[in-house]
>>> print(open('target_26.cif').read())   # mmCIF, C-alpha atoms and all ligand atoms
data_start
#
loop_
_atom_site.label_atom_id
_atom_site.label_comp_id
_atom_site.auth_asym_id
_atom_site.auth_seq_id
_atom_site.Cartn_x
_atom_site.Cartn_y
_atom_site.Cartn_z
CA MET A 163 97.58 104.43 95.52
CA ALA A 164 96.36 106.10 92.35
CA ALA A 165 92.92 105.18 91.16
CA ILE A 166 92.28 103.85 87.67
CA PRO A 167 89.76 106.11 85.88
CA GLY A 168 86.33 104.63 86.41
CA LYS A 169 87.55 102.38 89.24
CA LYS A 170 87.66 102.95 92.98
CA SER A 171 91.19 101.62 93.35
CA ALA A 172 94.17 100.58 91.24
CA THR A 173 94.18 97.23 93.08
CA PRO A 174 91.66 94.88 91.44
CA PHE A 175 91.77 92.05 93.95
CA THR A 176 88.46 92.56 95.67
CA PRO A 177 86.54 91.30 97.45
CA THR A 178 89.19 89.78 99.71
CA VAL A 179 86.66 88.06 101.94
CA ASP A 180 84.15 85.27 101.38
CA ALA A 181 80.55 85.16 102.54
CA ALA A 182 81.62 83.59 105.86
CA GLY A 183 84.05 86.45 106.57
CA ASP A 184 87.21 84.43 105.92
CA PRO A 185 90.14 85.86 103.92
CA THR A 186 90.31 84.82 100.26
CA THR A 187 92.65 86.78 97.97
CA CYS A 188 95.30 89.33 98.93
CA PHE A 189 94.18 92.90 98.35
CA CYS A 190 97.69 93.83 97.25
CA CYS A 191 98.87 90.98 94.98
CA GLY A 192 95.98 88.54 94.51
CA MET A 193 97.67 85.57 96.18
CA ARG A 194 96.03 83.63 99.03
CA ALA A 195 95.20 86.00 101.85
CA VAL A 196 95.69 84.92 105.46
CA ALA A 197 94.61 87.85 107.62
CA LEU A 198 95.28 91.43 108.66
CA GLY A 199 93.03 93.61 106.60
CA VAL A 200 94.24 97.09 105.73
CA ALA A 201 90.90 98.83 105.21
CA PRO A 202 90.35 101.66 107.67
CA ASN A 203 86.68 100.66 107.68
CA PRO A 204 86.63 96.86 107.20
CA LYS A 205 83.03 96.68 106.05
CA PRO A 206 82.18 95.38 103.56
CA ASP A 207 85.72 94.34 102.51
CA PRO A 208 88.52 94.09 105.12
CA GLN A 209 91.11 94.15 102.29
CA TYR A 210 92.95 91.14 103.66
CA LEU A 211 96.63 90.53 102.81
CA CYS A 212 98.74 87.45 102.06
CA ARG A 213 101.68 86.38 104.21
CA ARG A 214 104.30 88.03 102.02
CA CYS A 215 102.48 91.33 101.77
CA ILE A 216 101.99 91.39 105.56
CA VAL A 217 105.72 90.87 106.05
CA SER A 218 106.59 93.34 103.31
CA ILE A 219 105.16 96.09 105.37
CA ASN A 220 108.28 95.93 107.55
CA ASP A 221 110.74 93.47 106.01
CA TYR A 222 109.90 91.95 102.64
CA LYS A 223 113.05 89.82 102.35
CA LYS A 224 112.36 87.58 105.35
CA ILE A 225 110.09 85.25 103.35
CA ARG A 226 111.20 84.13 99.90
CA ARG A 227 109.36 80.85 99.50
CA LEU A 228 105.78 80.24 98.36
CA ASP A 229 103.63 78.43 100.90
CA ASP A 230 102.54 74.82 100.32
CA TYR A 231 99.22 75.80 98.77
CA GLU A 232 100.85 78.31 96.44
CA LEU A 233 103.45 75.70 95.41
CA ARG A 234 100.65 73.29 94.50
CA ALA A 235 99.00 76.10 92.55
CA LEU A 236 102.29 76.77 90.76
CA ASP A 237 102.60 73.10 89.80
CA ALA A 238 99.08 73.17 88.37
CA GLY A 239 99.99 76.32 86.43
CA VAL A 240 103.04 74.62 84.94
CA GLU A 241 100.91 71.64 83.98
CA ALA A 242 98.30 73.92 82.36
CA VAL A 243 100.97 75.76 80.37
CA GLY A 244 102.44 72.46 79.20
CA GLU A 245 99.02 71.30 78.01
CA TRP A 246 98.35 74.63 76.29
CA ILE A 247 101.69 74.54 74.48
CA ALA A 248 101.10 70.94 73.39
CA ASP A 249 97.66 71.91 72.05
CA ASN A 250 99.08 74.91 70.17
CA GLY A 251 101.91 73.51 68.14
CA GLY A 252 104.44 72.69 70.85
CA LEU A 253 106.45 75.88 70.41
CA THR A 254 108.22 76.86 73.61
CA GLU A 255 109.57 80.24 72.53
CA LEU A 256 107.09 82.97 73.44
CA ALA A 257 108.07 85.06 70.39
CA HIS A 258 106.61 82.37 68.10
CA TYR A 259 103.11 83.25 69.29
CA ASP A 260 101.13 86.33 68.29
CA GLU A 261 99.81 88.72 70.94
CA LEU A 262 96.51 86.88 71.31
CA ASN A 263 98.18 83.50 71.82
CA GLN A 264 100.71 84.99 74.23
CA ARG A 265 97.77 86.22 76.30
CA LEU A 266 96.02 82.87 76.01
CA LEU A 267 99.18 81.14 77.23
CA VAL A 268 99.34 83.39 80.28
CA LYS A 269 95.61 82.88 80.80
CA ALA A 270 96.20 79.11 80.83
CA ALA A 271 98.92 79.59 83.48
CA TRP A 272 96.76 81.91 85.56
CA GLU A 273 93.70 79.68 85.42
CA GLY A 274 95.84 76.61 86.04
CA CYS A 275 97.27 78.17 89.20
CA ALA A 276 93.81 79.20 90.40
CA ARG A 277 92.44 75.73 89.72
CA GLY A 278 95.40 74.15 91.54
CA LEU A 279 94.94 76.44 94.51
CA ARG A 280 91.26 75.60 94.75
CA GLU A 281 92.12 71.88 94.60
CA ALA A 282 94.80 72.27 97.28
CA LEU A 283 92.42 74.17 99.53
CA LYS A 284 89.92 71.30 99.40
CA ASP A 285 92.35 69.36 101.62
CA ALA A 286 93.12 72.28 103.93
CA PRO A 287 92.48 71.75 107.64
CA PHE A 288 90.76 75.12 107.93
ZN ZN B 301 99.88 89.78 98.77
#
>>> encode(input="target_26.cif", output="structure tokens", more="lines below")
Ligand SMILES: [Zn+2]
Amino acid sequence: MAAIPGKKSATPFTPTVDAAGDPTTCFCCGMRAVALGVAPNPKPDPQYLCRRCIVSINDYKKIRRLDDYELRALDAGVEAVGEWIADNGGLTELAHYDELNQRLLVKAAWEGCARGLREALKDAPF
């Protein structure tokens, strides 16, 4: 993969591991990582992958559905976008917003998903 000037890699989703050594975010797409790092030298970052990216190595089309934690994150993202739209005039057509507000809307979605995922993971059995 081509490197971004000034960066080591074009993939910004690092580190993919927490302090305890457990997978956090997917090195490839930033979703919730489950296992199978791709780094040739796993220290300090194993570059863990999510379920879909693991499967995509051989057959991407076998899994089409988000997992339960990602679905809860998606719901939280939808809720965050709804709140942001309500707080910013209630316009639902993206073209009504300037570039800054379009970015802020996406930021609300992104942060809402991340917040929802963190909440969902509080109940996880692992
Ligand atoms: Zn992934």
>>> closest_atom_pairs(input="target_26.cif", of="chain A", to="ligand ZN 301 (chain B)", cutoff="9 Å", atoms="only C-alpha atoms and all ligand atoms", output="CSV")
residue,atom,partner,partner_atom,distance
A:Thr187,CA,B:ZN301,ZN,7.9
A:Cys188,CA,B:ZN301,ZN,4.6
A:Phe189,CA,B:ZN301,ZN,6.5
A:Cys190,CA,B:ZN301,ZN,4.8
A:Cys191,CA,B:ZN301,ZN,4.1
A:Gly192,CA,B:ZN301,ZN,5.9
A:Met193,CA,B:ZN301,ZN,5.4
A:Arg194,CA,B:ZN301,ZN,7.3
A:Ala195,CA,B:ZN301,ZN,6.8
A:Tyr210,CA,B:ZN301,ZN,8.6
A:Leu211,CA,B:ZN301,ZN,5.2
A:Cys212,CA,B:ZN301,ZN,4.2
A:Arg213,CA,B:ZN301,ZN,6.7
A:Arg214,CA,B:ZN301,ZN,5.8
A:Cys215,CA,B:ZN301,ZN,4.3
A:Ile216,CA,B:ZN301,ZN,7.3
A:Ser218,CA,B:ZN301,ZN,8.8
>>> axis_aligned_box(input="target_26.cif", around="stretch 240-257 of chain A", padding_each_side="3 Å", output="JSON")
{"center_x": 103.6, "center_y": 78.0, "center_z": 76.5, "size_x": 17.9, "size_y": 20.1, "size_z": 22.8}
>>> closest_atom_pairs(input="target_26.cif", of="stretch 173-259 of chain A", to="stretch 265-269 of chain A", cutoff="8 Å", atoms="only C-alpha atoms", output="JSON lines")
{"residue": "A:Val243", "atom": "CA", "partner": "A:Leu267", "partner_atom": "CA", "distance": 6.5}
{"residue": "A:Trp246", "atom": "CA", "partner": "A:Leu267", "partner_atom": "CA", "distance": 6.6}
{"residue": "A:Ile247", "atom": "CA", "partner": "A:Leu267", "partner_atom": "CA", "distance": 7.6}
>>> closest_residue(input="target_26.cif", among="A:Pro204, A:Gly239, A:Pro185, A:Gly199", to="A:Cys275", atoms="only C-alpha atoms")
A:Gly239
>>> atom_distance(input="target_26.cif", atom1="atom CA of A:Arg277", atom2="atom CA of A:Tyr231")
11.3 Å
>>> closest_residue(input="target_26.cif", among="A:Asp230, A:Asp207, A:Leu283, A:Ala201", to="A:Ala181", atoms="only C-alpha atoms")
A:Asp207
>>> residues_around(input="target_26.cif", residues="A:Arg280", least_positions_apart="4", cutoff="10 Å", atoms="all atoms listed in the file", output="list in words")
Tyr231, Arg234, Ala235, Gly274, Cys275, Ala276, Lys284, Asp285 and Ala286 of chain A
>>> closest_residue(input="target_26.cif", among="A:Asp237, A:Pro206, A:His258, A:Asn250", to="A:Glu281", atoms="all atoms listed in the file")
A:Asp237
>>> closest_residue(input="target_26.cif", among="A:Asn263, A:Val217, A:Ala238, A:Leu198", to="A:Thr186", atoms="only C-alpha atoms")
A:Leu198
>>> atom_distance(input="target_26.cif", atom1="atom CA of A:Glu241", atom2="atom CA of A:Leu253")
15.3 Å
>>> build_atoms(input="target_26.cif", residues="stretch 183-218 of chain A", atoms="N, CA and C atoms", output="mmCIF file, keeping the file's coordinate frame")
data_model
loop_
_atom_site.group_PDB
_atom_site.id
_atom_site.type_symbol
_atom_site.label_atom_id
_atom_site.label_comp_id
_atom_site.auth_asym_id
_atom_site.auth_seq_id
_atom_site.Cartn_x
_atom_site.Cartn_y
_atom_site.Cartn_z
ATOM 1 N N GLY A 183 83.157 85.502 105.909
ATOM 2 C CA GLY A 183 84.050 86.450 106.570
ATOM 3 C C GLY A 183 85.496 86.023 106.595
ATOM 4 N N ASP A 184 85.824 84.912 105.935
ATOM 5 C CA ASP A 184 87.210 84.430 105.920
ATOM 6 C C ASP A 184 87.993 85.070 104.775
ATOM 7 N N PRO A 185 89.310 85.276 104.967
ATOM 8 C CA PRO A 185 90.140 85.860 103.920
ATOM 9 C C PRO A 185 90.191 84.973 102.677
ATOM 10 N N THR A 186 90.202 85.585 101.506
ATOM 11 C CA THR A 186 90.310 84.820 100.260
ATOM 12 C C THR A 186 91.563 85.250 99.501
ATOM 13 N N THR A 187 91.497 86.321 98.741
ATOM 14 C CA THR A 187 92.650 86.780 97.970
ATOM 15 C C THR A 187 93.272 88.022 98.606
ATOM 16 N N CYS A 188 94.572 88.173 98.389
ATOM 17 C CA CYS A 188 95.300 89.330 98.930
ATOM 18 C C CYS A 188 94.882 90.600 98.189
ATOM 19 N N PHE A 189 94.569 91.622 98.931
ATOM 20 C CA PHE A 189 94.180 92.900 98.350
ATOM 21 C C PHE A 189 95.304 93.508 97.514
ATOM 22 N N CYS A 190 96.537 93.221 97.905
ATOM 23 C CA CYS A 190 97.690 93.830 97.250
ATOM 24 C C CYS A 190 98.126 93.070 95.998
ATOM 25 N N CYS A 191 98.262 91.733 96.086
ATOM 26 C CA CYS A 191 98.870 90.980 94.980
ATOM 27 C C CYS A 191 97.986 89.883 94.407
ATOM 28 N N GLY A 192 96.881 89.552 95.043
ATOM 29 C CA GLY A 192 95.980 88.540 94.510
ATOM 30 C C GLY A 192 96.310 87.124 94.915
ATOM 31 N N MET A 193 97.362 86.923 95.699
ATOM 32 C CA MET A 193 97.670 85.570 96.180
ATOM 33 C C MET A 193 96.733 85.251 97.332
ATOM 34 N N ARG A 194 96.933 84.075 97.973
ATOM 35 C CA ARG A 194 96.030 83.630 99.030
ATOM 36 C C ARG A 194 96.208 84.498 100.276
ATOM 37 N N ALA A 195 95.145 85.141 100.680
ATOM 38 C CA ALA A 195 95.200 86.000 101.850
ATOM 39 C C ALA A 195 95.103 85.156 103.126
ATOM 40 N N VAL A 196 95.753 85.629 104.194
ATOM 41 C CA VAL A 196 95.690 84.920 105.460
ATOM 42 C C VAL A 196 95.001 85.739 106.548
ATOM 43 N N ALA A 197 95.219 87.029 106.581
ATOM 44 C CA ALA A 197 94.610 87.850 107.620
ATOM 45 C C ALA A 197 95.072 89.287 107.497
ATOM 46 N N LEU A 198 94.827 90.050 108.527
ATOM 47 C CA LEU A 198 95.280 91.430 108.660
ATOM 48 C C LEU A 198 94.816 92.321 107.514
ATOM 49 N N GLY A 199 93.570 92.687 107.581
ATOM 50 C CA GLY A 199 93.030 93.610 106.600
ATOM 51 C C GLY A 199 93.611 95.000 106.770
ATOM 52 N N VAL A 200 93.651 95.749 105.688
ATOM 53 C CA VAL A 200 94.240 97.090 105.730
ATOM 54 C C VAL A 200 93.197 98.190 105.543
ATOM 55 N N ALA A 201 91.933 97.819 105.401
ATOM 56 C CA ALA A 201 90.900 98.830 105.210
ATOM 57 C C ALA A 201 90.663 99.590 106.512
ATOM 58 N N PRO A 202 90.636 100.906 106.453
ATOM 59 C CA PRO A 202 90.350 101.660 107.670
ATOM 60 C C PRO A 202 88.943 101.369 108.193
ATOM 61 N N ASN A 203 88.021 101.086 107.293
ATOM 62 C CA ASN A 203 86.680 100.660 107.680
ATOM 63 C C ASN A 203 86.452 99.302 107.033
ATOM 64 N N PRO A 204 86.602 98.200 107.787
ATOM 65 C CA PRO A 204 86.630 96.860 107.200
ATOM 66 C C PRO A 204 85.315 96.385 106.591
ATOM 67 N N LYS A 205 84.273 97.129 106.676
ATOM 68 C CA LYS A 205 83.030 96.680 106.050
ATOM 69 C C LYS A 205 82.807 97.459 104.768
ATOM 70 N N PRO A 206 82.466 96.812 103.649
ATOM 71 C CA PRO A 206 82.180 95.380 103.560
ATOM 72 C C PRO A 206 83.414 94.538 103.258
ATOM 73 N N ASP A 207 84.537 95.129 102.850
ATOM 74 C CA ASP A 207 85.720 94.340 102.510
ATOM 75 C C ASP A 207 86.881 94.722 103.408
ATOM 76 N N PRO A 208 87.398 93.775 104.217
ATOM 77 C CA PRO A 208 88.520 94.090 105.120
ATOM 78 C C PRO A 208 89.830 94.350 104.387
ATOM 79 N N GLN A 209 89.883 94.021 103.072
ATOM 80 C CA GLN A 209 91.110 94.150 102.290
ATOM 81 C C GLN A 209 92.239 93.345 102.926
ATOM 82 N N TYR A 210 91.969 92.045 103.066
ATOM 83 C CA TYR A 210 92.950 91.140 103.660
ATOM 84 C C TYR A 210 94.211 91.042 102.814
ATOM 85 N N LEU A 211 95.320 90.656 103.461
ATOM 86 C CA LEU A 211 96.630 90.530 102.810
ATOM 87 C C LEU A 211 97.136 89.097 102.911
ATOM 88 N N CYS A 212 98.055 88.745 101.996
ATOM 89 C CA CYS A 212 98.740 87.450 102.060
ATOM 90 C C CYS A 212 99.937 87.571 103.008
ATOM 91 N N ARG A 213 100.554 86.428 103.282
ATOM 92 C CA ARG A 213 101.680 86.380 104.210
ATOM 93 C C ARG A 213 102.827 87.287 103.768
ATOM 94 N N ARG A 214 103.168 87.217 102.493
ATOM 95 C CA ARG A 214 104.300 88.030 102.020
ATOM 96 C C ARG A 214 104.004 89.524 102.084
ATOM 97 N N CYS A 215 102.797 89.904 101.743
ATOM 98 C CA CYS A 215 102.480 91.330 101.770
ATOM 99 C C CYS A 215 102.421 91.846 103.210
ATOM 100 N N ILE A 216 101.989 90.994 104.148
ATOM 101 C CA ILE A 216 101.990 91.390 105.560
ATOM 102 C C ILE A 216 103.425 91.658 106.000
ATOM 103 N N VAL A 217 104.316 90.725 105.662
ATOM 104 C CA VAL A 217 105.720 90.870 106.050
ATOM 105 C C VAL A 217 106.357 92.057 105.326
ATOM 106 N N SER A 218 105.947 92.281 104.098
ATOM 107 C CA SER A 218 106.590 93.340 103.310
ATOM 108 C C SER A 218 106.363 94.713 103.905
#
